[in-house]
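In what follows, a structure is listed as structure tokens, so that the remarks can point back to it.
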Protein chains: 2
Amino acid sequence: MQRVTIKDIAKKLNLSKSSVSRAFNDKYDIKKETRDLILKTAEEMGYFPNPIARKLSQSKTYNIGVVVPEFINDFHAEIIIGIHRILNPKGYQVLVMQSDSTPEMELKNVQTLIQNMVDGLIIAPSSDSDNLDYYLKQMNAGTPMVFVNRIAETFEAPKVVCDNKKWSFFATEHLIREKYKKIYHLSGNKNISVARDRIKGFKQALRKHQFAEEDFKVIETGLLASGGVEVVEELLYRQDLPDAFFCINDLVAMGVIRTLKKNNIRVPEEIGVIGFSETQMAKLTSPQLSSVQQPTYEMGEKAAELLIRHMNDEEVKEATIVLNGKLNIRESSKRS
Amino acid sequence: MQRVTIKDIAKKLNLSKSSVSRAFNDKYDIKKETRDLILKTAEEMGYFPNPIARKLSQSKTYNIGVVVPEFINDFHAEIIIGIHRILNPKGYQVLVMQSDSTPEMELKNVQTLIQNMVDGLIIAPSSDSDNLDYYLKQMNAGTPMVFVNRIAETFEAPKVVCDNKKWSFFATEHLIREKYKKIYHLSGNKNISVARDRIKGFKQALRKHQFAEEDFKVIETGLLASGGVEVVEELLYRQDLPDAFFCINDLVAMGVIRTLKKNNIRVPEEIGVIGFSETQMAKLTSPQLSSVQQPTYEMGEKAAELLIRHMNDEEVKEATIVLNGKLNIRESSKRS
DNA sequence: CTGAAAGCGCTAACAA
DNA sequence: TTGTTAGCGCTTTCAG
């Protein structure tokens, strides 16, 4: 069964291909009746425009590339859904690739996508310091790009971020208000600006509440549950347990809680725990996990909108959108 | 900066476009030296083939559509990753859409993808009884399709499924061996063949171990944690708690465990719980959740391989691949 | 082994 | 308002 083309319709109606084409792109002049006629017979003949042909002649692919560190986690999955929500209705197709959280793979994915001629890119970088030169070069060469989440503040590009420092501050302050006296921050990886910002917020809160500087303890754990497990085991061994953990993410927090409970330490009575980047899991565990929720869907949506504006040549080179988080206080951090 | 085309290379080397094209598609005759020369200068000039042009002239898009119920869960995310693993290296791009678990949206997505001229489709249906006529029609019209997971056994199409009945049987038998005497099965939704198969396995195990037929209790809960919560609350109210729950998935199991613990019922000592479709969460909770793990990545890989064979016109119309699961026994179901 | 030329299906100047 | 025509960049048949 051959696909119907504009040529077939033109022949059938004794019109030219151009007229048919025009009927489908209402930016050109065409008499209303002929257009209606064309649209009607097109419908009858089961015609659908061939997107590839259109892409070739318009030299526009309507493809948008998205690169995320990984898509098995709620955070990035939700960002991707947000992106879809904006882009799909506008006729764009979204090509998602994951970088396995490595800058090398990320670069490779971006290159692949550019070679496949995406019209624009949304990148959720794995770190904020790698590949920047390359990205800058590509942007100057005319590839519209928008960055999400982990990206250096100083990098001059359209970006969508959360106010990590602020919400880290609130999370820490919440622990302080709950009368936790010795609070450790389990930080993911200091190469990531997001983590650095959270450290800043953490320290700022402690400082505000007159904690001694020597108590500003930050431990790097990576982003996996195992990181939380190991830290607690280590601290137990060294008999240096704090009475609260503020964790870089929910996974680490879960690792912490598990290990504490295994050692018969009660959460939140003896030790409070709070996570970040709320996951579905937070509500399902016992104790339910307190966590800072980020507006993930909105991050994706804003990034997509920014990209569209960027592709339309609006001047958004340095537009930065900062979104707000939200502190969900549940059982794991409530002593009162 | 204009993109380099084969024409530019041809001009530079005083060759014809065809030769340059041939150099990149080694199915045609071309002298080795000229080919090497072309490849070398192409490299120097920073040439990349324009995929759109190639697609148009080959009338092949190298796009594969994938429709899943949703991608915020490990199960489907892992299937998608499996698909990527096979398809990306072969130069295919994967377009993923989610149906929000409704047949209507699923149909719409499939139609959109077909209009966008994907070369083939992998569908993880939201139910196994909807849209089948349409799919059959499309397949007969020449669109290669492969189905994954929730799909009726009798539907004649290439498909990749798990042996749900078998692993449901093993899960139930495991509970029996742990001396649980009154086992309820929390089933998702009987419209889904996967759920029906698990019910079969459940009953088969009870039968084998001489449980009374009146004890074959199956309760529909949907697929969310809230379903588990509500059932336990209801059963508590009616004072009809079993001593073990075999749950359709980990989310429901988590809801069950949470609610039991809230009511000071110990898991697994008083009540055992086991999930299905292992999630990352299973290892992170306390007690750690026993669950049947399905080979999700492999399901995606097999589906992609099947699709490729199908697109190459191998006769695989009715090929069904049945994969094996695995029972991960953890704390939530071990009384001994 | 290489070149010329047609064509994939559509868009977009330009003419009429 | 409509038709003619020349592409978009590549593949592929046919000649040479």
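So you can find residues: chains in the structure tokens are A, B, ... in the order shown, residues in each start at 1, and ligands are numbered from 1 in order.
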
Closest-contact table, chain B side, partner chain D, 6 Å, counting only C-alpha atoms (C1' of nucleotides), as a tab-separated table:
```
residue	atom	partner	partner_atom	distance
B:Ala53	CA	D:DG9	C1'	4.9
B:Arg54	CA	D:DC10	C1'	4.9
B:Ser57	CA	D:DT11	C1'	5.8
```

Would you output that residue set with N, CA and C atoms, as a short mmCIF file (atom, residue, chain, number, x, y, z; two decimals), in the first residue's frame?
```cif
data_model
loop_
_atom_site.label_atom_id
_atom_site.label_comp_id
_atom_site.auth_asym_id
_atom_site.auth_seq_id
_atom_site.Cartn_x
_atom_site.Cartn_y
_atom_site.Cartn_z
N ALA B 53 18.35 13.54 4.64
CA ALA B 53 18.41 13.31 3.20
C ALA B 53 18.47 11.82 2.90
N ARG B 54 19.29 11.16 3.67
CA ARG B 54 19.40 9.72 3.47
C ARG B 54 18.06 9.04 3.70
N SER B 57 15.68 9.59 0.75
CA SER B 57 15.93 8.85 -0.48
C SER B 57 15.83 7.34 -0.27
#
```

Exercise. Would you list which chain C residues are within 9 Å of chain A using only C-alpha atoms (C1' of nucleotides), as a ChimeraX atom specification?
Worked result: /C:8-11

Please produce a file of the residues just selected, as a tab-separated table (two decimals), in the first residue's frame, where the atoms kept are N, CA and C atoms (P, O5', C5', C4', C3', O3' and C1' of nucleotides).
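Done, and the output landed in result.tsv:
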```tsv
chain	number	residue	atom	x	y	z
C	8	DC	P	9.90	9.66	-6.99
C	8	DC	O5'	9.97	9.40	-5.43
C	8	DC	C5'	10.76	8.38	-4.85
C	8	DC	C4'	11.18	8.85	-3.47
C	8	DC	C3'	10.23	9.89	-2.89
C	8	DC	O3'	9.28	9.21	-2.07
C	8	DC	C1'	12.56	10.52	-2.60
C	9	DG	P	7.72	9.35	-2.39
C	9	DG	O5'	7.36	10.74	-1.73
C	9	DG	C5'	7.46	10.89	-0.33
C	9	DG	C4'	7.42	12.35	0.02
C	9	DG	C3'	6.16	13.07	-0.47
C	9	DG	O3'	5.58	13.68	0.66
C	9	DG	C1'	8.12	14.28	-1.04
C	10	DC	P	4.38	14.70	0.55
C	10	DC	O5'	5.15	16.08	0.72
C	10	DC	C5'	5.80	16.33	1.95
C	10	DC	C4'	6.73	17.50	1.82
C	10	DC	C3'	6.04	18.84	1.61
C	10	DC	O3'	6.09	19.59	2.82
C	10	DC	C1'	7.95	18.58	0.20
C	11	DT	P	5.42	21.03	2.82
C	11	DT	O5'	6.60	21.97	2.32
C	11	DT	C5'	7.74	22.12	3.16
C	11	DT	C4'	8.67	23.14	2.55
C	11	DT	C3'	8.12	24.57	2.49
C	11	DT	O3'	9.19	25.40	2.90
C	11	DT	C1'	8.81	23.89	0.34
```

Problem set entry | Which of region 5-185 of chain B DSSP labels strand (DSSP E or B), written as a ChimeraX atom specification | /B:63-68,93-98,120-123,145-148,159-162,183-185

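Counting only C-alpha atoms, the residue from B:Ala304, B:Leu39, B:Leu236, B:Leu251 that sits nearest to chain A is B:Leu251.
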
Problem set entry | Who sits within 7 Å of region 70-83 of chain B, only C-alpha atoms (C1' of nucleotides), same chain under 6 positions skipped, as a list in words | Phe71, Ile72, Asp74 and Ala77 of chain A; Gln98, Ser99, Asp100, Ser101, Ser277, Thr279, Thr296, Tyr297, Glu298, Met299, Gly300, Glu301 and Ala304 of chain B

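CA of Val67 (chain B) lies 7.5 Å from CA of Pro125 (chain B).
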
Considering only helix (DSSP H, G or I) as DSSP defines it on the backbone, what residues of region 94-207 of chain A qualify? List them as a PDB file with C-alpha atoms, in the first residue's frame.
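Just written: selection-v7.pdb:
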```pdb
ATOM      1  CA  PRO A 103      31.102  13.529  30.995  1.00  0.00           C
ATOM      2  CA  GLU A 104      32.608  11.377  28.248  1.00  0.00           C
ATOM      3  CA  MET A 105      29.371   9.626  27.455  1.00  0.00           C
ATOM      4  CA  GLU A 106      27.539  12.896  27.756  1.00  0.00           C
ATOM      5  CA  LEU A 107      29.792  14.473  25.171  1.00  0.00           C
ATOM      6  CA  LYS A 108      29.393  11.517  22.895  1.00  0.00           C
ATOM      7  CA  ASN A 109      25.635  11.647  23.143  1.00  0.00           C
ATOM      8  CA  VAL A 110      25.557  15.345  22.423  1.00  0.00           C
ATOM      9  CA  GLN A 111      27.744  14.830  19.383  1.00  0.00           C
ATOM     10  CA  THR A 112      25.570  12.025  18.131  1.00  0.00           C
ATOM     11  CA  LEU A 113      22.499  14.162  18.521  1.00  0.00           C
ATOM     12  CA  ILE A 114      24.085  17.100  16.740  1.00  0.00           C
ATOM     13  CA  GLN A 115      25.152  14.856  13.893  1.00  0.00           C
ATOM     14  CA  LEU A 132      31.870  23.426  28.741  1.00  0.00           C
ATOM     15  CA  ASP A 133      34.255  24.562  26.020  1.00  0.00           C
ATOM     16  CA  TYR A 134      32.663  22.227  23.568  1.00  0.00           C
ATOM     17  CA  TYR A 135      29.179  23.381  24.479  1.00  0.00           C
ATOM     18  CA  LEU A 136      30.183  26.989  24.142  1.00  0.00           C
ATOM     19  CA  LYS A 137      31.639  26.302  20.736  1.00  0.00           C
ATOM     20  CA  GLN A 138      28.496  24.549  19.587  1.00  0.00           C
ATOM     21  CA  MET A 139      26.317  27.327  20.855  1.00  0.00           C
ATOM     22  CA  ASN A 140      28.392  29.854  18.986  1.00  0.00           C
ATOM     23  CA  ASN A 164      19.560  24.562  46.119  1.00  0.00           C
ATOM     24  CA  LYS A 165      21.257  26.802  48.625  1.00  0.00           C
ATOM     25  CA  LYS A 166      18.004  28.209  49.872  1.00  0.00           C
ATOM     26  CA  TRP A 167      16.257  24.891  50.308  1.00  0.00           C
ATOM     27  CA  SER A 168      19.287  23.305  51.828  1.00  0.00           C
ATOM     28  CA  PHE A 169      19.211  26.149  54.300  1.00  0.00           C
ATOM     29  CA  PHE A 170      15.575  25.493  55.132  1.00  0.00           C
ATOM     30  CA  ALA A 171      16.093  21.771  55.475  1.00  0.00           C
ATOM     31  CA  THR A 172      18.958  22.308  57.858  1.00  0.00           C
ATOM     32  CA  GLU A 173      17.094  24.907  59.818  1.00  0.00           C
ATOM     33  CA  HIS A 174      14.183  22.536  60.153  1.00  0.00           C
ATOM     34  CA  LEU A 175      16.488  19.988  61.771  1.00  0.00           C
ATOM     35  CA  ILE A 176      17.794  22.661  64.097  1.00  0.00           C
ATOM     36  CA  ARG A 177      14.279  23.643  65.084  1.00  0.00           C
ATOM     37  CA  SER A 193      27.611  22.757  41.758  1.00  0.00           C
ATOM     38  CA  VAL A 194      24.301  21.541  43.051  1.00  0.00           C
ATOM     39  CA  ALA A 195      26.113  19.763  45.859  1.00  0.00           C
ATOM     40  CA  ARG A 196      28.281  22.769  46.565  1.00  0.00           C
ATOM     41  CA  ASP A 197      25.233  24.991  46.796  1.00  0.00           C
ATOM     42  CA  ARG A 198      23.637  22.644  49.249  1.00  0.00           C
ATOM     43  CA  ILE A 199      26.757  22.709  51.361  1.00  0.00           C
ATOM     44  CA  LYS A 200      26.563  26.482  51.379  1.00  0.00           C
ATOM     45  CA  GLY A 201      22.966  26.470  52.524  1.00  0.00           C
ATOM     46  CA  PHE A 202      23.783  23.898  55.180  1.00  0.00           C
ATOM     47  CA  LYS A 203      26.608  25.969  56.592  1.00  0.00           C
ATOM     48  CA  GLN A 204      24.639  29.139  56.421  1.00  0.00           C
ATOM     49  CA  ALA A 205      21.898  27.654  58.572  1.00  0.00           C
ATOM     50  CA  LEU A 206      24.339  26.339  61.137  1.00  0.00           C
ATOM     51  CA  ARG A 207      26.049  29.679  61.243  1.00  0.00           C
TER      52      ARG A 207
END
```
